file protein30.cif (mmCIF, C-alpha atoms and all ligand atoms)
data_work
#
loop_
_atom_site.label_atom_id
_atom_site.label_comp_id
_atom_site.auth_asym_id
_atom_site.auth_seq_id
_atom_site.Cartn_x
_atom_site.Cartn_y
_atom_site.Cartn_z
CA MET X 1 13.81 6.03 -104.50
CA LEU X 2 14.13 7.68 -101.12
CA PHE X 3 16.95 9.87 -102.43
CA LEU X 4 15.14 10.83 -105.65
CA THR X 5 11.77 11.69 -104.09
CA GLY X 6 13.61 13.70 -101.44
CA LEU X 7 15.58 15.55 -104.10
CA ILE X 8 12.33 16.37 -105.95
CA SER X 9 10.80 17.85 -102.81
CA HIS X 10 13.94 19.91 -102.19
CA VAL X 11 14.21 21.29 -105.72
CA ILE X 12 10.54 22.34 -105.88
CA GLN X 13 10.92 24.39 -102.74
CA ARG X 14 14.20 26.02 -103.79
CA PRO X 15 13.69 26.50 -107.52
CA VAL X 16 16.71 26.21 -109.80
CA GLY X 17 16.89 27.81 -113.22
CA TRP X 18 16.91 24.62 -115.28
CA LEU X 19 13.84 23.05 -113.73
CA SER X 20 10.37 24.54 -113.64
CA TRP X 21 8.20 22.20 -111.53
CA PRO X 22 4.95 21.76 -113.50
CA SER X 23 1.50 22.39 -112.06
CA ARG X 24 0.26 19.09 -113.55
CA PRO X 25 -0.56 16.31 -112.78
CA ALA X 26 -2.29 17.95 -109.84
CA GLY X 27 -1.65 15.07 -107.40
CA LEU X 28 1.96 14.27 -108.39
CA TYR X 29 3.66 15.82 -105.36
CA ARG X 30 1.20 14.04 -103.09
CA VAL X 31 2.46 10.73 -104.54
CA THR X 32 6.20 11.52 -104.61
CA GLN X 33 6.18 12.83 -101.05
CA GLY X 34 3.87 10.06 -99.78
CA VAL X 35 6.33 7.53 -101.26
CA HIS X 36 9.27 9.41 -99.71
CA VAL X 37 7.87 9.27 -96.20
CA ALA X 38 6.49 5.71 -96.52
CA THR X 39 9.78 4.28 -97.87
CA GLY X 40 11.72 6.26 -95.25
CA LEU X 41 9.66 4.78 -92.41
CA ALA X 42 9.90 1.29 -93.92
CA SER X 43 13.71 1.63 -94.10
CA ILE X 44 14.01 1.94 -90.33
CA PRO X 45 13.59 -1.78 -89.52
CA LEU X 46 15.67 -2.66 -92.60
CA LEU X 47 18.59 -0.51 -91.47
CA LEU X 48 18.41 -1.79 -87.90
CA ALA X 49 18.41 -5.40 -89.14
CA LYS X 50 21.34 -4.73 -91.44
CA LEU X 51 23.32 -3.18 -88.56
CA TRP X 52 22.45 -6.13 -86.33
CA VAL X 53 23.76 -8.60 -88.89
CA MET X 54 26.86 -6.61 -89.76
CA TYR X 55 27.78 -5.66 -86.21
CA PRO X 56 30.27 -8.55 -85.59
CA HIS X 57 31.98 -7.65 -88.90
CA PHE X 58 32.77 -4.17 -87.61
CA TRP X 59 35.29 -5.80 -85.25
CA THR X 60 37.10 -8.13 -87.65
CA TRP X 61 40.85 -8.52 -87.25
CA PRO X 62 43.09 -7.30 -88.80
CA PRO X 63 40.96 -4.13 -89.23
CA VAL X 64 42.40 -3.45 -92.69
CA ARG X 65 43.66 -5.99 -95.22
CA ASP X 66 44.39 -3.84 -98.26
CA ILE X 67 43.43 -0.55 -99.90
CA ALA X 68 40.03 -1.65 -101.20
CA HIS X 69 39.24 -3.09 -97.78
CA ALA X 70 40.35 0.15 -96.09
CA VAL X 71 38.14 2.22 -98.40
CA GLU X 72 35.22 -0.11 -97.82
CA ARG X 73 35.61 0.11 -94.05
CA LEU X 74 36.19 3.86 -93.95
CA SER X 75 33.10 4.48 -96.09
CA LEU X 76 31.10 2.75 -93.36
CA VAL X 77 31.52 5.75 -91.05
CA PRO X 78 29.57 8.21 -93.24
CA LEU X 79 27.32 5.44 -94.54
CA VAL X 80 26.14 4.14 -91.18
CA GLY X 81 26.27 7.57 -89.53
CA GLY X 82 24.48 9.19 -92.48
CA SER X 83 21.77 6.53 -92.70
CA LEU X 84 21.03 6.74 -88.98
CA PHE X 85 21.03 10.55 -89.19
CA MET X 86 18.65 10.58 -92.18
CA LEU X 87 16.14 8.16 -90.72
CA PHE X 88 16.25 9.79 -87.30
CA THR X 89 15.84 13.38 -88.56
CA GLY X 90 13.12 12.33 -91.02
CA LEU X 91 11.17 10.47 -88.33
CA ALA X 92 11.54 13.35 -85.87
CA ASN X 93 10.34 15.85 -88.51
CA VAL X 94 7.24 13.74 -89.14
CA GLY X 95 6.68 13.82 -85.38
CA LEU X 96 7.31 17.61 -85.34
CA TRP X 97 10.12 17.06 -82.86
CA TYR X 98 13.32 19.06 -83.38
CA PRO X 99 15.93 18.06 -80.79
CA TRP X 100 18.74 19.80 -82.72
CA ASN X 101 19.69 23.32 -83.69
CA PHE X 102 20.04 23.23 -87.47
CA PHE X 103 17.32 23.85 -90.05
CA PHE X 104 15.78 20.44 -90.80
CA PRO X 105 15.55 20.68 -94.64
CA THR X 106 19.19 21.84 -94.93
CA GLY X 107 20.56 19.17 -92.60
CA HIS X 108 18.42 16.42 -94.16
CA PHE X 109 19.49 17.55 -97.67
CA TRP X 110 23.25 17.53 -97.00
CA GLY X 111 22.94 14.32 -94.98
CA ALA X 112 21.41 12.72 -98.08
CA TRP X 113 24.39 13.63 -100.28
CA ILE X 114 26.89 12.37 -97.72
CA THR X 115 25.01 9.10 -97.27
CA ILE X 116 24.51 8.47 -100.99
CA GLY X 117 28.17 9.40 -101.67
CA ALA X 118 29.32 6.95 -99.00
CA LEU X 119 27.04 4.29 -100.47
CA VAL X 120 28.55 4.70 -103.94
CA VAL X 121 32.12 4.50 -102.54
CA HIS X 122 31.17 1.52 -100.37
CA ILE X 123 29.64 -0.41 -103.27
CA GLY X 124 32.61 0.47 -105.49
CA ALA X 125 35.09 -0.85 -102.91
CA LYS X 126 32.91 -3.89 -102.31
CA LEU X 127 32.92 -4.73 -106.03
CA ALA X 128 36.72 -4.64 -106.03
CA LEU X 129 36.74 -6.93 -102.98
CA THR X 130 34.21 -9.33 -104.46
CA ARG X 131 36.29 -9.60 -107.60
CA SER X 132 39.44 -10.43 -105.66
CA ALA X 133 37.48 -12.77 -103.38
CA LEU X 134 36.63 -14.85 -106.41
CA PHE X 135 40.30 -15.70 -106.65
CA GLY X 136 41.13 -15.86 -102.99
CA ALA X 137 39.65 -16.70 -99.63
CA ARG X 138 35.94 -16.00 -99.23
CA ASP X 139 34.19 -14.06 -96.56
CA GLU X 140 31.16 -16.18 -95.74
CA PRO X 141 28.03 -14.24 -94.84
CA PRO X 142 26.53 -15.21 -91.48
CA THR X 143 23.90 -17.88 -91.90
CA SER X 144 22.39 -17.64 -88.46
CA LYS X 145 22.04 -15.07 -85.75
CA GLY X 146 21.66 -15.97 -82.10
CA GLY X 147 20.14 -19.33 -82.88
CA ILE X 148 17.52 -18.20 -85.41
CA SER X 149 17.87 -19.37 -88.97
CA ARG X 150 18.63 -16.92 -91.72
CA ARG X 151 15.24 -17.62 -93.22
CA SER X 152 13.22 -16.80 -90.11
CA PHE X 153 15.39 -13.74 -89.46
CA LEU X 154 14.58 -12.46 -92.96
CA SER X 155 10.87 -13.12 -92.55
CA VAL X 156 10.80 -11.23 -89.26
CA ILE X 157 12.42 -8.23 -90.98
CA ALA X 158 10.08 -8.44 -93.97
CA GLY X 159 7.14 -8.71 -91.59
CA THR X 160 8.23 -5.72 -89.49
CA THR X 161 8.82 -3.60 -92.58
CA GLY X 162 5.40 -4.54 -93.97
CA LEU X 163 3.77 -3.79 -90.64
CA VAL X 164 5.37 -0.34 -90.40
CA THR X 165 4.12 0.42 -93.92
CA LEU X 166 0.59 -0.84 -93.26
CA THR X 167 0.26 1.02 -89.99
CA THR X 168 1.50 4.35 -91.36
CA ILE X 169 0.25 4.77 -94.94
CA GLY X 170 -3.32 4.87 -93.61
CA GLN X 171 -2.61 8.55 -93.00
CA THR X 172 -2.83 9.04 -96.75
CA ILE X 173 -4.61 6.05 -98.26
CA GLY X 174 -8.25 6.18 -97.14
CA PRO X 175 -9.19 2.47 -97.24
CA LEU X 176 -6.19 1.63 -95.00
CA LYS X 177 -7.11 4.31 -92.49
CA SER X 178 -8.35 1.87 -89.85
CA LEU X 179 -4.93 0.15 -89.91
CA GLY X 180 -3.08 3.42 -89.48
CA ILE X 181 -2.46 3.08 -85.76
CA LEU X 182 1.10 4.37 -86.08
CA ALA X 183 0.17 7.07 -88.61
CA PRO X 184 1.32 10.41 -87.26
CA ARG X 185 -1.73 12.25 -88.70
CA ASP X 186 -5.35 11.46 -89.33
CA PRO X 187 -6.15 13.35 -92.57
CA THR X 188 -9.80 13.75 -91.54
CA VAL X 189 -9.25 15.39 -88.14
CA GLY X 190 -9.22 19.17 -87.87
CA PRO X 191 -11.47 22.16 -88.50
CA GLN X 192 -13.50 21.69 -91.71
CA GLY X 193 -12.45 18.02 -91.77
CA PHE X 194 -8.70 18.25 -92.41
CA PRO X 195 -5.54 18.81 -90.33
CA VAL X 196 -3.94 22.14 -89.48
CA ASN X 197 -0.21 22.68 -89.79
CA GLN X 198 0.68 25.91 -87.99
CA SER X 199 -2.40 27.46 -86.41
CA ALA X 200 -3.23 31.18 -86.52
CA ALA X 201 -2.12 31.47 -82.89
CA GLU X 202 1.21 29.75 -83.62
CA ALA X 203 1.76 32.08 -86.59
CA ALA X 204 0.81 35.08 -84.39
CA ILE X 205 -2.00 36.21 -86.68
CA ALA X 206 -3.90 38.95 -84.85
CA ARG X 207 -7.72 39.08 -85.04
CA ASN X 208 -7.31 42.70 -86.07
CA ASP X 209 -5.28 41.77 -89.16
CA VAL X 210 -8.16 39.68 -90.46
CA GLY X 211 -11.05 41.98 -89.47
CA PRO X 212 -13.06 44.41 -91.65
CA ASP X 213 -9.89 46.40 -92.46
CA TYR X 214 -8.33 43.42 -94.17
CA ARG X 215 -7.00 44.21 -97.67
CA MET X 216 -5.08 42.07 -100.14
CA GLU X 217 -2.59 43.98 -102.28
CA VAL X 218 -1.38 43.13 -105.76
CA THR X 219 1.86 45.03 -106.43
CA GLY X 220 5.20 44.83 -108.25
CA GLY X 221 5.41 44.56 -112.03
CA VAL X 222 1.80 45.40 -112.81
CA THR X 223 0.21 48.27 -114.74
CA ASN X 224 -2.76 48.48 -112.36
CA PRO X 225 -1.87 47.77 -108.70
CA LEU X 226 -4.86 46.50 -106.69
CA VAL X 227 -6.01 46.81 -103.10
CA LEU X 228 -8.86 44.34 -102.61
CA SER X 229 -11.16 43.92 -99.62
CA LEU X 230 -12.73 40.58 -98.80
CA GLU X 231 -15.97 41.93 -100.31
CA ASP X 232 -14.13 42.76 -103.56
CA LEU X 233 -12.78 39.21 -103.72
CA ARG X 234 -16.23 37.74 -102.99
CA GLY X 235 -17.62 39.88 -105.81
CA MET X 236 -15.30 38.33 -108.41
CA PRO X 237 -16.13 35.08 -110.29
CA GLN X 238 -15.78 32.13 -107.90
CA HIS X 239 -14.39 28.73 -108.93
CA GLU X 240 -14.46 25.36 -107.22
CA VAL X 241 -11.73 22.74 -107.30
CA ILE X 242 -10.82 19.62 -105.34
CA LEU X 243 -7.11 19.63 -104.53
CA PRO X 244 -4.97 18.02 -101.83
CA ILE X 245 -2.93 19.65 -99.13
CA ALA X 246 0.16 17.43 -99.36
CA CYS X 247 2.47 18.13 -96.45
CA VAL X 248 6.18 17.28 -96.58
CA GLU X 249 5.58 15.29 -93.40
CA GLY X 250 3.80 12.70 -95.52
CA TRP X 251 0.10 13.25 -94.76
CA SER X 252 -2.27 14.57 -97.40
CA ALA X 253 -5.96 15.39 -97.52
CA SER X 254 -8.28 16.18 -100.42
CA VAL X 255 -10.33 19.31 -99.88
CA ARG X 256 -13.01 21.09 -101.92
CA TRP X 257 -11.85 24.69 -102.30
CA ARG X 258 -13.75 27.74 -103.59
CA GLY X 259 -12.35 31.12 -104.43
CA VAL X 260 -10.91 33.47 -107.04
CA ARG X 261 -8.51 32.37 -109.77
CA VAL X 262 -5.03 33.87 -109.47
CA ILE X 263 -5.06 34.40 -113.27
CA ASP X 264 -8.19 36.57 -112.99
CA VAL X 265 -6.53 38.79 -110.39
CA LEU X 266 -3.31 38.97 -112.44
CA ALA X 267 -5.31 39.95 -115.55
CA GLN X 268 -7.13 42.67 -113.64
CA ALA X 269 -3.80 44.00 -112.35
CA GLY X 270 -2.33 43.97 -115.85
CA ALA X 271 0.47 41.49 -115.13
CA SER X 272 2.38 40.04 -118.08
CA PRO X 273 1.35 36.55 -119.27
CA ASP X 274 4.61 34.95 -118.10
CA ALA X 275 4.64 36.68 -114.72
CA THR X 276 5.85 34.90 -111.59
CA VAL X 277 4.41 35.83 -108.20
CA THR X 278 5.63 35.96 -104.62
CA VAL X 279 2.79 35.27 -102.22
CA GLU X 280 3.27 37.00 -98.85
CA SER X 281 1.41 36.18 -95.66
CA LEU X 282 0.17 38.46 -92.89
CA GLN X 283 2.41 36.28 -90.71
CA LYS X 284 5.36 38.46 -89.68
CA ASP X 285 8.11 35.92 -89.40
CA GLY X 286 8.87 32.29 -90.00
CA ILE X 287 10.28 30.74 -93.15
CA TYR X 288 6.90 29.65 -94.53
CA ARG X 289 5.39 33.14 -94.60
CA THR X 290 6.06 33.50 -98.35
CA SER X 291 6.01 31.20 -101.37
CA GLU X 292 6.77 31.49 -105.06
CA LEU X 293 4.29 30.84 -107.85
CA ASN X 294 6.44 30.01 -110.87
CA SER X 295 4.89 30.77 -114.24
CA PRO X 296 3.08 27.41 -114.74
CA HIS X 297 1.63 27.59 -111.21
CA ALA X 298 0.66 31.28 -111.43
CA HIS X 299 -1.17 30.68 -114.72
CA ASP X 300 -2.89 27.38 -113.93
CA SER X 301 -6.64 27.95 -113.89
CA ASP X 302 -6.93 25.77 -110.76
CA THR X 303 -4.56 27.95 -108.72
CA LEU X 304 -6.93 29.80 -106.42
CA LEU X 305 -7.07 32.45 -103.76
CA ALA X 306 -9.32 30.26 -101.65
CA LEU X 307 -12.05 31.85 -99.51
CA GLU X 308 -13.85 28.60 -98.63
CA ALA X 309 -12.96 24.99 -97.83
CA ASN X 310 -15.38 22.06 -97.85
CA CYS X 311 -18.36 24.37 -98.43
CA SER X 312 -17.83 26.84 -95.58
CA ILE X 313 -15.84 30.02 -94.99
CA LEU X 314 -12.18 29.25 -94.28
CA ASP X 315 -11.38 28.56 -90.66
CA ILE X 316 -8.82 31.02 -89.32
CA ASP X 317 -6.40 28.10 -88.79
CA HIS X 318 -6.72 27.18 -92.47
CA GLY X 319 -5.83 30.73 -93.55
CA TYR X 320 -8.91 32.98 -93.26
CA PRO X 321 -9.59 35.34 -94.97
CA VAL X 322 -7.61 34.18 -98.05
CA ARG X 323 -5.14 31.36 -98.62
CA LEU X 324 -3.37 30.04 -101.66
CA ILE X 325 -4.19 26.61 -103.06
CA GLY X 326 -2.72 25.26 -106.28
CA PRO X 327 -2.26 21.91 -108.04
CA ASN X 328 0.94 19.87 -107.54
CA ARG X 329 2.45 22.00 -104.78
CA PRO X 330 4.03 20.96 -101.47
CA GLY X 331 1.88 21.94 -98.47
CA VAL X 332 4.52 24.41 -97.31
CA MET X 333 3.92 26.42 -100.49
CA GLN X 334 0.14 26.73 -99.96
CA THR X 335 0.48 30.03 -98.12
CA LYS X 336 -2.19 30.94 -95.55
CA TRP X 337 -3.46 34.42 -94.48
CA ILE X 338 -2.39 36.13 -97.73
CA ALA X 339 -1.47 39.82 -97.43
CA LYS X 340 0.12 40.49 -100.80
CA LEU X 341 0.84 39.17 -104.25
CA VAL X 342 4.11 40.66 -105.53
CA VAL X 343 4.37 40.22 -109.29
CA ALA X 344 7.72 39.88 -111.08
N1 LIG X 401 1.59 31.63 -93.68
C1 LIG X 401 1.80 30.31 -93.56
N2 LIG X 401 1.24 29.47 -94.46
C2 LIG X 401 1.42 28.14 -94.36
C3 LIG X 401 2.22 27.58 -93.32
C4 LIG X 401 2.81 28.48 -92.39
O1 LIG X 401 3.52 28.08 -91.47
N3 LIG X 401 2.57 29.84 -92.53
N4 LIG X 401 2.39 26.19 -93.24
C5 LIG X 401 2.27 25.46 -94.51
C6 LIG X 401 2.26 24.01 -94.35
S1 LIG X 401 3.72 23.28 -93.88
C7 LIG X 401 1.20 23.23 -94.71
S2 LIG X 401 1.31 21.54 -94.76
C8 LIG X 401 -0.11 23.85 -95.05
C9 LIG X 401 -1.17 23.27 -94.16
O2 LIG X 401 -2.40 23.89 -94.40
P1 LIG X 401 -3.58 23.62 -93.39
O3 LIG X 401 -3.11 24.01 -92.01
O4 LIG X 401 -4.74 24.43 -93.86
O5 LIG X 401 -3.85 22.14 -93.47
O6 LIG X 401 -0.08 25.26 -94.89
C10 LIG X 401 1.07 25.90 -95.34
N5 LIG X 401 0.85 27.33 -95.28
MO MO X 402 3.56 21.06 -94.32
#
call {"tool": "encode", "arguments": {"input": "protein30.cif", "output": "structure tokens"}}
result
Amino acid sequence: MLFLTGLISHVIQRPVGWLSWPSRPAGLYRVTQGVHVATGLASIPLLLAKLWVMYPHFWTWPPVRDIAHAVERLSLVPLVGGSLFMLFTGLANVGLWYPWNFFFPTGHFWGAWITIGALVVHIGAKLALTRSALFGARDEPPTSKGGISRRSFLSVIAGTTGLVTLTTIGQTIGPLKSLGILAPRDPTVGPQGFPVNQSAAEAAIARNDVGPDYRMEVTGGVTNPLVLSLEDLRGMPQHEVILPIACVEGWSASVRWRGVRVIDVLAQAGASPDATVTVESLQKDGIYRTSELNSPHAHDSDTLLALEANCSILDIDHGYPVRLIGPNRPGVMQTKWIAKLVVA
């Protein structure tokens, strides 16, 4: 589950030819990513408990009995190392803490393949061992640990896992909000009633860039390139839609957006009906300054160039003057402070 939901998030952000992530259902990514982060957090006590129980077995003698046993033991290095790496990097990312010098998504992605590969090898070797154990001596699992019974040990672990889940999913699931004491974000706190990820100051957006001289360009493969002022955009038909910002860090918040449909702008520019679009920000650097609208996302009537959130003009930290908002997209692809739409 953890592996699959993670893979989904990865593939959406780095599109591959054979998969075009749909724009519907609008809240799907919110669910897959919420599940990813919640199951990841819940796995932490499970992994620690498993290591605690297995620890004495790491030192058994002789270290290797036969080939299957050697494979099983060797696979533990990437399995244990990988699992610890995945849960640590995931937790740190949720806490916006990066005590390493690789790019988090890349490291977390390759770590996942190593861990899952090691798990498959480990289970394969274990099956071979179990089969031979049926005919030979048996390796009894520990029935108690430091004086506590197996049963109470298991209930402590189940309890801890449940507690972690209850105290963190409140960041997404409204009715559990009051229990969310360990939740890294409160989805209701921030300008206009929802959180900010990367403020205008952090993105080095200058006041000047978003003043009266602001223009949004529509260029690339179009018959009628556009240069639109904020007034031009306000003069076009406005649409309202309630869509979540669903951040990869696991929090999400529903917001009422108002603005211009991307399809209306594409039609005015004379883009082809299967056009894809690169959305570019005024932000000068940083990896999240652009995002791709694949064809289903570019042509969804709920994909907006938002000018307002929750019934007031966008706060500069939420992307004033214009930000992208579309159904079923990861937060990182809801580009703020739009400068340009480049059509392909
Ligand atoms: N230009 C730009 N747009 C951006 C980002 C960014 O760093 N730069 N961060 C993204 C991320 S990770 C998220 S979760 C959403 C958050 O939007 P909000 O700050 O309005 O809640 O904006 C996205 N848009
Ligand atoms: Mo995000």
call {"tool": "residues_around", "arguments": {"input": "protein30.cif", "residues": "range 317-321 of chain X", "least_positions_apart": "2", "cutoff": "6 Å", "atoms": "only C-alpha atoms", "output": "number ranges by chain"}}
result
X: 199-200, 314-315, 323, 336-337
call {"tool": "residues_around", "arguments": {"input": "protein30.cif", "residues": "Glu249 in chain X", "least_positions_apart": "5", "cutoff": "8 Å", "atoms": "only C-alpha atoms", "output": "PyMOL selection string"}}
result
chain X and resi 37+93-94
call {"tool": "closest_residue", "arguments": {"input": "protein30.cif", "among": "X:Pro22, X:Gly147, X:Gly211, X:Gly95", "to": "ligand MO 402 (chain X)", "atoms": "all atoms listed in the file"}}
result
X:Gly95
call {"tool": "residues_around", "arguments": {"input": "protein30.cif", "residues": "Gly124 in chain X", "least_positions_apart": "6", "cutoff": "12 Å", "atoms": "only C-alpha atoms", "output": "mmCIF file with C-alpha atoms, keeping the file's coordinate frame"}}
result
data_model
loop_
_atom_site.group_PDB
_atom_site.id
_atom_site.type_symbol
_atom_site.label_atom_id
_atom_site.label_comp_id
_atom_site.auth_asym_id
_atom_site.auth_seq_id
_atom_site.Cartn_x
_atom_site.Cartn_y
_atom_site.Cartn_z
ATOM 1 C CA ALA X 68 40.030 -1.650 -101.200
ATOM 2 C CA HIS X 69 39.240 -3.090 -97.780
ATOM 3 C CA VAL X 71 38.140 2.220 -98.400
ATOM 4 C CA GLU X 72 35.220 -0.110 -97.820
ATOM 5 C CA ARG X 73 35.610 0.110 -94.050
ATOM 6 C CA SER X 75 33.100 4.480 -96.090
ATOM 7 C CA GLY X 117 28.170 9.400 -101.670
ATOM 8 C CA ALA X 118 29.320 6.950 -99.000
ATOM 9 C CA THR X 130 34.210 -9.330 -104.460
ATOM 10 C CA ARG X 131 36.290 -9.600 -107.600
#
call {"tool": "residues_near_ligand", "arguments": {"input": "protein30.cif", "ligand": "ligand LIG 401 (chain X)", "cutoff": "6 Å", "atoms": "all atoms listed in the file", "output": "MDAnalysis selection string"}}
result
chainID X and resid 195:198 247 281 283 288:289 318 331:337
call {"tool": "write_last_selection", "arguments": {"input": "protein30.cif", "atoms": "C-alpha atoms", "output": "compact mmCIF listing (two decimals), in the coordinates of the input"}}
result
# COMPACT_ATOMS: atom_id res chain seq x y z
CA PRO X 195 -5.54 18.81 -90.33
CA VAL X 196 -3.94 22.14 -89.48
CA ASN X 197 -0.21 22.68 -89.79
CA GLN X 198 0.68 25.91 -87.99
CA CYS X 247 2.47 18.13 -96.45
CA SER X 281 1.41 36.18 -95.66
CA GLN X 283 2.41 36.28 -90.71
CA TYR X 288 6.90 29.65 -94.53
CA ARG X 289 5.39 33.14 -94.60
CA HIS X 318 -6.72 27.18 -92.47
CA GLY X 331 1.88 21.94 -98.47
CA VAL X 332 4.52 24.41 -97.31
CA MET X 333 3.92 26.42 -100.49
CA GLN X 334 0.14 26.73 -99.96
CA THR X 335 0.48 30.03 -98.12
CA LYS X 336 -2.19 30.94 -95.55
CA TRP X 337 -3.46 34.42 -94.48
call {"tool": "atom_distance", "arguments": {"input": "protein30.cif", "atom1": "CA of His297 in chain X", "atom2": "CA of Pro327 in chain X"}}
result
7.6 Å
call {"tool": "atom_distance", "arguments": {"input": "protein30.cif", "atom1": "CA of Met1 in chain X", "atom2": "CA of Thr89 in chain X"}}
result
17.7 Å
call {"tool": "closest_residue", "arguments": {"input": "protein30.cif", "among": "X:Val53, X:Ala306, X:Ala246, X:Ile313", "to": "ligand MO 402 (chain X)", "atoms": "all atoms listed in the file"}}
result
X:Ala246
call {"tool": "atom_distance", "arguments": {"input": "protein30.cif", "atom1": "CA of Pro225 in chain X", "atom2": "CA of Asp264 in chain X"}}
result
13.6 Å
call {"tool": "closest_atom_pairs", "arguments": {"input": "protein30.cif", "of": "range 46-89 of chain X", "to": "range 99-109 of chain X", "cutoff": "12 Å", "atoms": "all atoms listed in the file", "output": "JSON lines"}}
result
{"residue": "X:Gly82", "atom": "CA", "partner": "X:His108", "partner_atom": "CA", "distance": 9.6}
{"residue": "X:Ser83", "atom": "CA", "partner": "X:His108", "partner_atom": "CA", "distance": 10.5}
{"residue": "X:Leu84", "atom": "CA", "partner": "X:His108", "partner_atom": "CA", "distance": 11.3}
{"residue": "X:Phe85", "atom": "CA", "partner": "X:His108", "partner_atom": "CA", "distance": 8.1}
{"residue": "X:Met86", "atom": "CA", "partner": "X:His108", "partner_atom": "CA", "distance": 6.2}
{"residue": "X:Leu87", "atom": "CA", "partner": "X:His108", "partner_atom": "CA", "distance": 9.2}
{"residue": "X:Phe88", "atom": "CA", "partner": "X:His108", "partner_atom": "CA", "distance": 9.8}
{"residue": "X:Thr89", "atom": "CA", "partner": "X:His108", "partner_atom": "CA", "distance": 6.9}
call {"tool": "decode", "arguments": {"input": "protein30.cif", "residues": "range 39-83 of chain X", "atoms": "C-alpha atoms", "output": "CSV table (one decimal), in the first residue's frame"}}
result
chain,number,residue,atom,x,y,z
X,39,THR,CA,0.3,4.4,6.6
X,40,GLY,CA,3.9,5.6,6.6
X,41,LEU,CA,3.6,7.2,10.0
X,42,ALA,CA,1.8,4.2,11.4
X,43,SER,CA,4.6,1.9,10.1
X,44,ILE,CA,7.1,3.6,12.4
X,45,PRO,CA,6.1,1.9,15.7
X,46,LEU,CA,5.5,-1.4,13.7
X,47,LEU,CA,9.0,-1.4,12.3
X,48,LEU,CA,10.6,-0.5,15.7
X,49,ALA,CA,8.7,-3.3,17.4
X,50,LYS,CA,9.7,-5.8,14.7
X,51,LEU,CA,13.4,-4.8,15.1
X,52,TRP,CA,13.1,-5.1,18.9
X,53,VAL,CA,11.7,-8.6,18.6
X,54,MET,CA,14.2,-9.7,15.9
X,55,TYR,CA,17.3,-8.1,17.4
X,56,PRO,CA,18.5,-11.2,19.3
X,57,HIS,CA,18.1,-13.2,16.0
X,58,PHE,CA,20.6,-10.9,14.3
X,59,TRP,CA,23.3,-12.5,16.4
X,60,THR,CA,22.5,-16.2,16.0
X,61,TRP,CA,25.4,-18.6,15.7
X,62,PRO,CA,26.5,-20.0,13.3
X,63,PRO,CA,25.8,-16.8,11.3
X,64,VAL,CA,25.0,-18.8,8.2
X,65,ARG,CA,23.6,-22.4,7.9
X,66,ASP,CA,23.1,-22.8,4.2
X,67,ILE,CA,22.5,-20.8,1.0
X,68,ALA,CA,18.9,-20.0,1.7
X,69,HIS,CA,19.8,-18.9,5.2
X,70,ALA,CA,22.7,-16.8,3.8
X,71,VAL,CA,20.4,-15.1,1.3
X,72,GLU,CA,17.8,-14.5,4.0
X,73,ARG,CA,20.3,-12.9,6.3
X,74,LEU,CA,22.1,-10.8,3.6
X,75,SER,CA,18.7,-9.4,2.4
X,76,LEU,CA,18.3,-8.0,5.9
X,77,VAL,CA,20.9,-5.4,5.3
X,78,PRO,CA,19.0,-3.6,2.5
X,79,LEU,CA,15.7,-4.5,4.1
X,80,VAL,CA,16.3,-3.1,7.5
X,81,GLY,CA,18.5,-0.2,6.2
X,82,GLY,CA,16.0,0.6,3.5
X,83,SER,CA,13.0,0.5,5.8
